[in-house]
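For reference, query-v2.cif is printed below; it contains mmCIF, C-alpha atoms.
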data_input
#
loop_
_atom_site.group_PDB
_atom_site.id
_atom_site.type_symbol
_atom_site.label_atom_id
_atom_site.label_comp_id
_atom_site.auth_asym_id
_atom_site.auth_seq_id
_atom_site.Cartn_x
_atom_site.Cartn_y
_atom_site.Cartn_z
ATOM 1 C CA MET O 1 -3.995 1.551 -11.355
ATOM 2 C CA SER O 2 -4.495 -2.106 -12.094
ATOM 3 C CA LYS O 3 -7.881 -3.812 -11.990
ATOM 4 C CA CYS O 4 -9.972 -4.012 -8.852
ATOM 5 C CA ILE O 5 -9.519 -6.842 -6.368
ATOM 6 C CA PRO O 6 -12.762 -7.994 -4.720
ATOM 7 C CA ILE O 7 -12.941 -7.287 -0.996
ATOM 8 C CA ASP O 8 -13.820 -10.970 -0.432
ATOM 9 C CA ASN O 9 -10.153 -11.766 -1.128
ATOM 10 C CA PHE O 10 -9.143 -10.225 2.204
ATOM 11 C CA ASP O 11 -9.458 -11.487 5.751
ATOM 12 C CA ALA O 12 -8.586 -8.014 7.071
ATOM 13 C CA CYS O 13 -7.197 -4.609 6.141
ATOM 14 C CA ILE O 14 -4.521 -3.110 8.372
ATOM 15 C CA PHE O 15 -3.736 0.605 8.214
ATOM 16 C CA ASP O 16 -0.677 2.380 9.519
ATOM 17 C CA PHE O 17 -1.608 5.746 11.037
ATOM 18 C CA ASP O 18 1.110 8.368 10.530
ATOM 19 C CA GLY O 19 1.710 9.012 6.853
ATOM 20 C CA VAL O 20 -1.311 6.967 5.751
ATOM 21 C CA LEU O 21 -4.244 8.423 7.670
ATOM 22 C CA THR O 22 -2.276 11.657 8.232
ATOM 23 C CA ASP O 23 0.038 13.755 6.096
ATOM 24 C CA ASN O 24 2.903 12.598 8.357
ATOM 25 C CA ALA O 25 3.082 16.001 10.048
ATOM 26 C CA VAL O 26 2.565 16.601 13.728
ATOM 27 C CA TYR O 27 1.342 19.860 15.194
ATOM 28 C CA ILE O 28 2.531 20.723 18.699
ATOM 29 C CA ASP O 29 1.112 23.607 20.713
ATOM 30 C CA GLU O 30 2.964 25.599 23.384
ATOM 31 C CA ASN O 31 1.800 23.095 26.024
ATOM 32 C CA GLY O 32 3.232 20.130 24.127
ATOM 33 C CA LYS O 33 -0.185 18.829 23.037
ATOM 34 C CA GLU O 34 -0.008 17.031 19.698
ATOM 35 C CA SER O 35 -2.543 17.069 16.896
ATOM 36 C CA ALA O 36 -2.616 15.727 13.356
ATOM 37 C CA LYS O 37 -4.605 16.360 10.205
ATOM 38 C CA CYS O 38 -6.778 13.557 8.794
ATOM 39 C CA SER O 39 -9.109 13.385 5.792
ATOM 40 C CA ARG O 40 -12.875 13.214 6.228
ATOM 41 C CA ALA O 41 -12.971 11.307 2.932
ATOM 42 C CA ASP O 42 -11.236 8.464 4.759
ATOM 43 C CA GLY O 43 -13.930 8.569 7.447
ATOM 44 C CA LEU O 44 -16.583 7.797 4.850
ATOM 45 C CA ALA O 45 -14.429 4.994 3.445
ATOM 46 C CA PHE O 46 -14.163 3.440 6.914
ATOM 47 C CA ASP O 47 -17.971 3.712 7.209
ATOM 48 C CA VAL O 48 -18.241 1.648 4.019
ATOM 49 C CA LEU O 49 -15.776 -0.983 5.257
ATOM 50 C CA ARG O 50 -17.645 -1.281 8.559
ATOM 51 C CA LYS O 51 -21.013 -1.501 6.766
ATOM 52 C CA ILE O 52 -19.831 -4.499 4.716
ATOM 53 C CA LYS O 53 -18.352 -6.020 7.899
ATOM 54 C CA GLN O 54 -14.770 -5.999 6.605
ATOM 55 C CA PRO O 55 -12.347 -6.454 9.513
ATOM 56 C CA ILE O 56 -10.148 -3.352 9.720
ATOM 57 C CA TYR O 57 -7.444 -2.268 12.133
ATOM 58 C CA ILE O 58 -5.130 0.655 12.733
ATOM 59 C CA LEU O 59 -1.611 -0.433 13.663
ATOM 60 C CA SER O 60 0.762 2.223 14.959
ATOM 61 C CA THR O 61 4.121 2.368 16.648
ATOM 62 C CA GLU O 62 2.907 5.556 18.340
ATOM 63 C CA LYS O 63 1.071 5.369 21.656
ATOM 64 C CA ASN O 64 -0.733 8.635 21.323
ATOM 65 C CA ALA O 65 -4.090 10.137 22.226
ATOM 66 C CA VAL O 66 -4.369 11.428 18.649
ATOM 67 C CA VAL O 67 -4.332 7.847 17.313
ATOM 68 C CA SER O 68 -6.778 6.675 19.975
ATOM 69 C CA SER O 69 -9.145 9.578 19.376
ATOM 70 C CA ARG O 70 -9.233 9.142 15.599
ATOM 71 C CA ALA O 71 -9.692 5.361 15.894
ATOM 72 C CA LYS O 72 -12.550 5.877 18.340
ATOM 73 C CA LYS O 73 -14.272 8.351 16.008
ATOM 74 C CA LEU O 74 -13.813 5.959 13.068
ATOM 75 C CA GLN O 75 -14.967 3.011 15.221
ATOM 76 C CA VAL O 76 -11.869 1.087 14.169
ATOM 77 C CA PRO O 77 -9.906 -1.127 16.567
ATOM 78 C CA VAL O 78 -6.422 0.224 17.173
ATOM 79 C CA ILE O 79 -3.243 -1.598 18.095
ATOM 80 C CA GLN O 80 -0.719 1.025 19.160
ATOM 81 C CA GLY O 81 2.516 1.509 21.020
ATOM 82 C CA VAL O 82 3.928 -1.370 18.973
ATOM 83 C CA ASP O 83 7.704 -1.702 18.728
ATOM 84 C CA ASP O 84 7.543 -4.645 16.317
ATOM 85 C CA LYS O 85 4.728 -4.565 13.753
ATOM 86 C CA VAL O 86 5.482 -8.103 12.559
ATOM 87 C CA LEU O 87 5.063 -9.434 16.098
ATOM 88 C CA ALA O 88 1.805 -7.493 16.543
ATOM 89 C CA LEU O 89 0.482 -8.773 13.198
ATOM 90 C CA SER O 90 1.524 -12.328 14.037
ATOM 91 C CA LYS O 91 -0.541 -12.146 17.215
ATOM 92 C CA LEU O 92 -3.532 -10.761 15.273
ATOM 93 C CA VAL O 93 -3.227 -13.509 12.637
ATOM 94 C CA LYS O 94 -3.084 -16.168 15.321
ATOM 95 C CA ASP O 95 -5.890 -14.716 17.496
ATOM 96 C CA LYS O 96 -8.285 -14.189 14.576
ATOM 97 C CA SER O 97 -7.233 -17.171 12.422
ATOM 98 C CA TYR O 98 -6.402 -14.917 9.477
ATOM 99 C CA GLU O 99 -4.256 -16.064 6.581
ATOM 100 C CA TRP O 100 -1.176 -13.963 5.809
ATOM 101 C CA SER O 101 -1.921 -14.284 2.105
ATOM 102 C CA LYS O 102 -5.321 -12.655 2.683
ATOM 103 C CA LEU O 103 -4.120 -9.585 4.559
ATOM 104 C CA LEU O 104 -3.997 -6.140 2.977
ATOM 105 C CA TYR O 105 -1.500 -3.853 4.708
ATOM 106 C CA ILE O 106 -1.351 -0.130 3.988
ATOM 107 C CA GLY O 107 1.861 1.562 5.095
ATOM 108 C CA ASN O 108 4.203 4.341 4.057
ATOM 109 C CA ASP O 109 7.569 4.129 5.786
ATOM 110 C CA LEU O 110 10.404 1.773 6.608
ATOM 111 C CA ASN O 111 8.834 0.588 9.875
ATOM 112 C CA ASP O 112 6.093 -0.950 7.690
ATOM 113 C CA TYR O 113 8.518 -2.723 5.340
ATOM 114 C CA GLN O 114 8.662 -6.178 6.951
ATOM 115 C CA ALA O 115 4.932 -6.260 7.733
ATOM 116 C CA MET O 116 4.097 -5.349 4.141
ATOM 117 C CA GLN O 117 6.319 -8.128 2.816
ATOM 118 C CA LEU O 118 4.542 -10.747 4.939
ATOM 119 C CA CYS O 119 1.038 -9.778 3.831
ATOM 120 C CA GLY O 120 -0.461 -11.076 0.611
ATOM 121 C CA PHE O 121 -1.268 -7.562 -0.588
ATOM 122 C CA SER O 122 -0.041 -4.106 0.276
ATOM 123 C CA ALA O 123 -0.666 -0.516 -0.672
ATOM 124 C CA CYS O 124 1.001 2.792 0.019
ATOM 125 C CA PRO O 125 0.370 6.495 -0.519
ATOM 126 C CA LYS O 126 2.027 8.337 -3.393
ATOM 127 C CA ASP O 127 4.463 10.108 -1.043
ATOM 128 C CA SER O 128 5.746 6.946 0.679
ATOM 129 C CA HIS O 129 9.407 6.067 1.105
ATOM 130 C CA GLU O 130 10.888 4.792 -2.168
ATOM 131 C CA LYS O 131 11.650 1.332 -0.716
ATOM 132 C CA ILE O 132 8.013 1.007 0.333
ATOM 133 C CA LYS O 133 6.794 1.960 -3.140
ATOM 134 C CA GLN O 134 9.079 -0.709 -4.599
ATOM 135 C CA ILE O 135 7.436 -3.528 -2.618
ATOM 136 C CA ALA O 136 3.813 -2.313 -2.544
ATOM 137 C CA THR O 137 1.243 -4.203 -4.585
ATOM 138 C CA PHE O 138 -0.495 -0.862 -5.173
ATOM 139 C CA VAL O 139 1.082 2.580 -5.156
ATOM 140 C CA LEU O 140 -1.857 4.927 -4.798
ATOM 141 C CA ASN O 141 -2.170 8.311 -6.504
ATOM 142 C CA THR O 142 -3.138 9.967 -3.213
ATOM 143 C CA LYS O 143 -0.669 11.351 -0.689
ATOM 144 C CA GLY O 144 -0.888 10.394 2.976
ATOM 145 C CA GLY O 145 -3.655 12.150 4.884
ATOM 146 C CA LYS O 146 -5.397 13.224 1.678
ATOM 147 C CA GLY O 147 -7.872 10.351 1.279
ATOM 148 C CA VAL O 148 -5.737 7.213 0.954
ATOM 149 C CA VAL O 149 -8.457 4.936 2.349
ATOM 150 C CA ARG O 150 -11.018 6.528 0.043
ATOM 151 C CA GLU O 151 -8.916 5.852 -3.061
ATOM 152 C CA LEU O 152 -8.119 2.334 -1.878
ATOM 153 C CA THR O 153 -11.761 1.429 -1.295
ATOM 154 C CA GLU O 154 -13.106 2.974 -4.486
ATOM 155 C CA GLU O 155 -10.295 2.334 -6.977
ATOM 156 C CA VAL O 156 -8.506 -0.810 -5.738
ATOM 157 C CA LEU O 157 -11.389 -2.597 -4.026
ATOM 158 C CA GLY O 158 -14.019 -1.235 -6.423
ATOM 159 C CA LEU O 159 -16.576 -0.495 -3.718
ATOM 160 C CA ASP O 160 -19.572 1.632 -4.699
ATOM 161 C CA PHE O 161 -20.236 3.956 -1.756
ATOM 162 C CA VAL O 162 -23.732 4.951 -2.900
ATOM 163 C CA GLU O 163 -24.794 1.344 -3.348
ATOM 164 C CA ILE O 164 -23.388 0.311 0.047
ATOM 165 C CA LEU O 165 -24.388 3.301 2.170
ATOM 166 C CA TYR O 166 -27.719 4.269 0.654
#

Translate the structure of the given file into structure tokens.
Amino acid sequence: MSKCIPIDNFDACIFDFDGVLTDNAVYIDENGKESAKCSRADGLAFDVLRKIKQPIYILSTEKNAVVSSRAKKLQVPVIQGVDDKVLALSKLVKDKSYEWSKLLYIGNDLNDYQAMQLCGFSACPKDSHEKIKQIATFVLNTKGGKGVVRELTEEVLGLDFVEILY
């Protein structure tokens, strides 16, 4: 992993959901109800980002109660049911007066490709699609759903959880 980039370099951090905050699997019960597995380590990382007042968002093509529920628990704004992530990001950039060069986008699959290319920085889990790994600023050592946000905040952004939280 290359050296840490100070969090002050970013206007916002945008996280894909499936494959980043989850292991990209979906569990479906006999009634058709979906569930997904997320890492509690990421929950603590989101606590740190909120504590330092770093704007963070979850951006997902899925319109799903699982995404909504996890975002609510994490207290992270969610933009979901998005067919075109570039269009959704463009609206966010315009509405919040963010600079593209100061966005950090974390994605894992081909539907993140164009959005990642527009942002100044990008990261992806270890088990991302090969084309995503080729364009990512940071390829993390963690697989999706196993603490991606935790590794990103500690190793790439260099945030000290103990110092920030306690």

>> With the PyMOL selection byres ((chain O and resi 158) around 9) as the selection, what would be picked from this file? Answer as a count of residues only, please.
In response: 13

> Interatomic distance between atom CA of Glu34 of chain O and atom CA of Ile14 of chain O?
Replying inline: 23.5 Å

Quick one: apply the PyMOL selection byres ((chain O and resi 145-147) around 10) to the file and drop the selected residues here as a short mmCIF file (atom, residue, chain, number, x, y, z; two decimals) with C-alpha atoms, in the frame of the given file.
data_model
loop_
_atom_site.label_atom_id
_atom_site.label_comp_id
_atom_site.auth_asym_id
_atom_site.auth_seq_id
_atom_site.Cartn_x
_atom_site.Cartn_y
_atom_site.Cartn_z
CA PHE O 17 -1.61 5.75 11.04
CA ASP O 18 1.11 8.37 10.53
CA GLY O 19 1.71 9.01 6.85
CA VAL O 20 -1.31 6.97 5.75
CA LEU O 21 -4.24 8.42 7.67
CA THR O 22 -2.28 11.66 8.23
CA ASP O 23 0.04 13.76 6.10
CA ASN O 24 2.90 12.60 8.36
CA ALA O 25 3.08 16.00 10.05
CA ALA O 36 -2.62 15.73 13.36
CA LYS O 37 -4.61 16.36 10.20
CA CYS O 38 -6.78 13.56 8.79
CA SER O 39 -9.11 13.38 5.79
CA ARG O 40 -12.88 13.21 6.23
CA ALA O 41 -12.97 11.31 2.93
CA ASP O 42 -11.24 8.46 4.76
CA GLY O 43 -13.93 8.57 7.45
CA LEU O 44 -16.58 7.80 4.85
CA ALA O 45 -14.43 4.99 3.44
CA PRO O 125 0.37 6.50 -0.52
CA ASN O 141 -2.17 8.31 -6.50
CA THR O 142 -3.14 9.97 -3.21
CA LYS O 143 -0.67 11.35 -0.69
CA GLY O 144 -0.89 10.39 2.98
CA VAL O 148 -5.74 7.21 0.95
CA VAL O 149 -8.46 4.94 2.35
CA ARG O 150 -11.02 6.53 0.04
CA GLU O 151 -8.92 5.85 -3.06
CA LEU O 152 -8.12 2.33 -1.88
#

Apply the PyMOL selection byres ((chain O and resi 63-75) around 8) to the file shown and report the selected residues as a PDB file with C-alpha atoms, keeping the file's coordinate frame.
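The resulting selection.pdb:
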ATOM      1  CA  PHE O  17      -1.608   5.746  11.037  1.00  0.00           C
ATOM      2  CA  GLU O  34      -0.008  17.031  19.698  1.00  0.00           C
ATOM      3  CA  SER O  35      -2.543  17.069  16.896  1.00  0.00           C
ATOM      4  CA  ALA O  36      -2.616  15.727  13.356  1.00  0.00           C
ATOM      5  CA  GLY O  43     -13.930   8.569   7.447  1.00  0.00           C
ATOM      6  CA  PHE O  46     -14.163   3.440   6.914  1.00  0.00           C
ATOM      7  CA  ASP O  47     -17.971   3.712   7.209  1.00  0.00           C
ATOM      8  CA  ILE O  58      -5.130   0.655  12.733  1.00  0.00           C
ATOM      9  CA  SER O  60       0.762   2.223  14.959  1.00  0.00           C
ATOM     10  CA  THR O  61       4.121   2.368  16.648  1.00  0.00           C
ATOM     11  CA  GLU O  62       2.907   5.556  18.340  1.00  0.00           C
ATOM     12  CA  VAL O  76     -11.869   1.087  14.169  1.00  0.00           C
ATOM     13  CA  PRO O  77      -9.906  -1.127  16.567  1.00  0.00           C
ATOM     14  CA  VAL O  78      -6.422   0.224  17.173  1.00  0.00           C
ATOM     15  CA  GLN O  80      -0.719   1.025  19.160  1.00  0.00           C
ATOM     16  CA  GLY O  81       2.516   1.509  21.020  1.00  0.00           C
ATOM     17  CA  VAL O  82       3.928  -1.370  18.973  1.00  0.00           C
TER      18      VAL O  82
END

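You will find atom CA of Ala123 of chain O at 28.9 Å from atom CA of Ile28 of chain O.
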
> Do you have the atom CA of Gly107 of chain O-atom CA of Asn9 of chain O distance handy?
Replying inline: 19.0 Å

>> Let me make sure I understand: among O:Glu163, O:Asp29, O:Glu130, O:Asp112, which one has the smallest atom-to-atom distance to Lys85 of chain O if we use only C-alpha atoms?
In response: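 Of the candidates, the smallest distance to Lys85 of chain O is held by O:Asp112.
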
> Which residues come within 6 Å of Leu103 of chain O, counting only C-alpha atoms, excluding same-chain residues fewer than 3 positions away, as a PyMOL selection string?
Replying inline: chain O and resi 10-12+100+119-120

Would you place a box with edges along x, y and z of the file around all atoms of segment 118-134 of chain O listed there, add 4 Å to each of its six sides, and report the centre and edge lengths in Å to one decimal, as JSON?
{"center_x": 5.2, "center_y": -0.5, "center_z": 0.2, "size_x": 20.9, "size_y": 29.2, "size_z": 17.5}

>> Which polymer residues, whether protein, DNA or RNA, lie within 9 Å of the coordinate (-0.2, -9.8, 2.0) when you count all atoms listed in the file? List them as a ChimeraX atom specification, using the chain letters and numbers from the file.
In response: /O:10,99-105,115-122,137

What's the 7 Å shell around Ser128 of chain O, counting only C-alpha atoms, without same-chain residues fewer than 4 positions away, as an mmCIF file with C-alpha atoms, keeping the file's coordinate frame?
data_model
loop_
_atom_site.group_PDB
_atom_site.id
_atom_site.type_symbol
_atom_site.label_atom_id
_atom_site.label_comp_id
_atom_site.auth_asym_id
_atom_site.auth_seq_id
_atom_site.Cartn_x
_atom_site.Cartn_y
_atom_site.Cartn_z
ATOM 1 C CA ASN O 108 4.203 4.341 4.057
ATOM 2 C CA ASP O 109 7.569 4.129 5.786
ATOM 3 C CA CYS O 124 1.001 2.792 0.019
ATOM 4 C CA ILE O 132 8.013 1.007 0.333
ATOM 5 C CA LYS O 133 6.794 1.960 -3.140
#
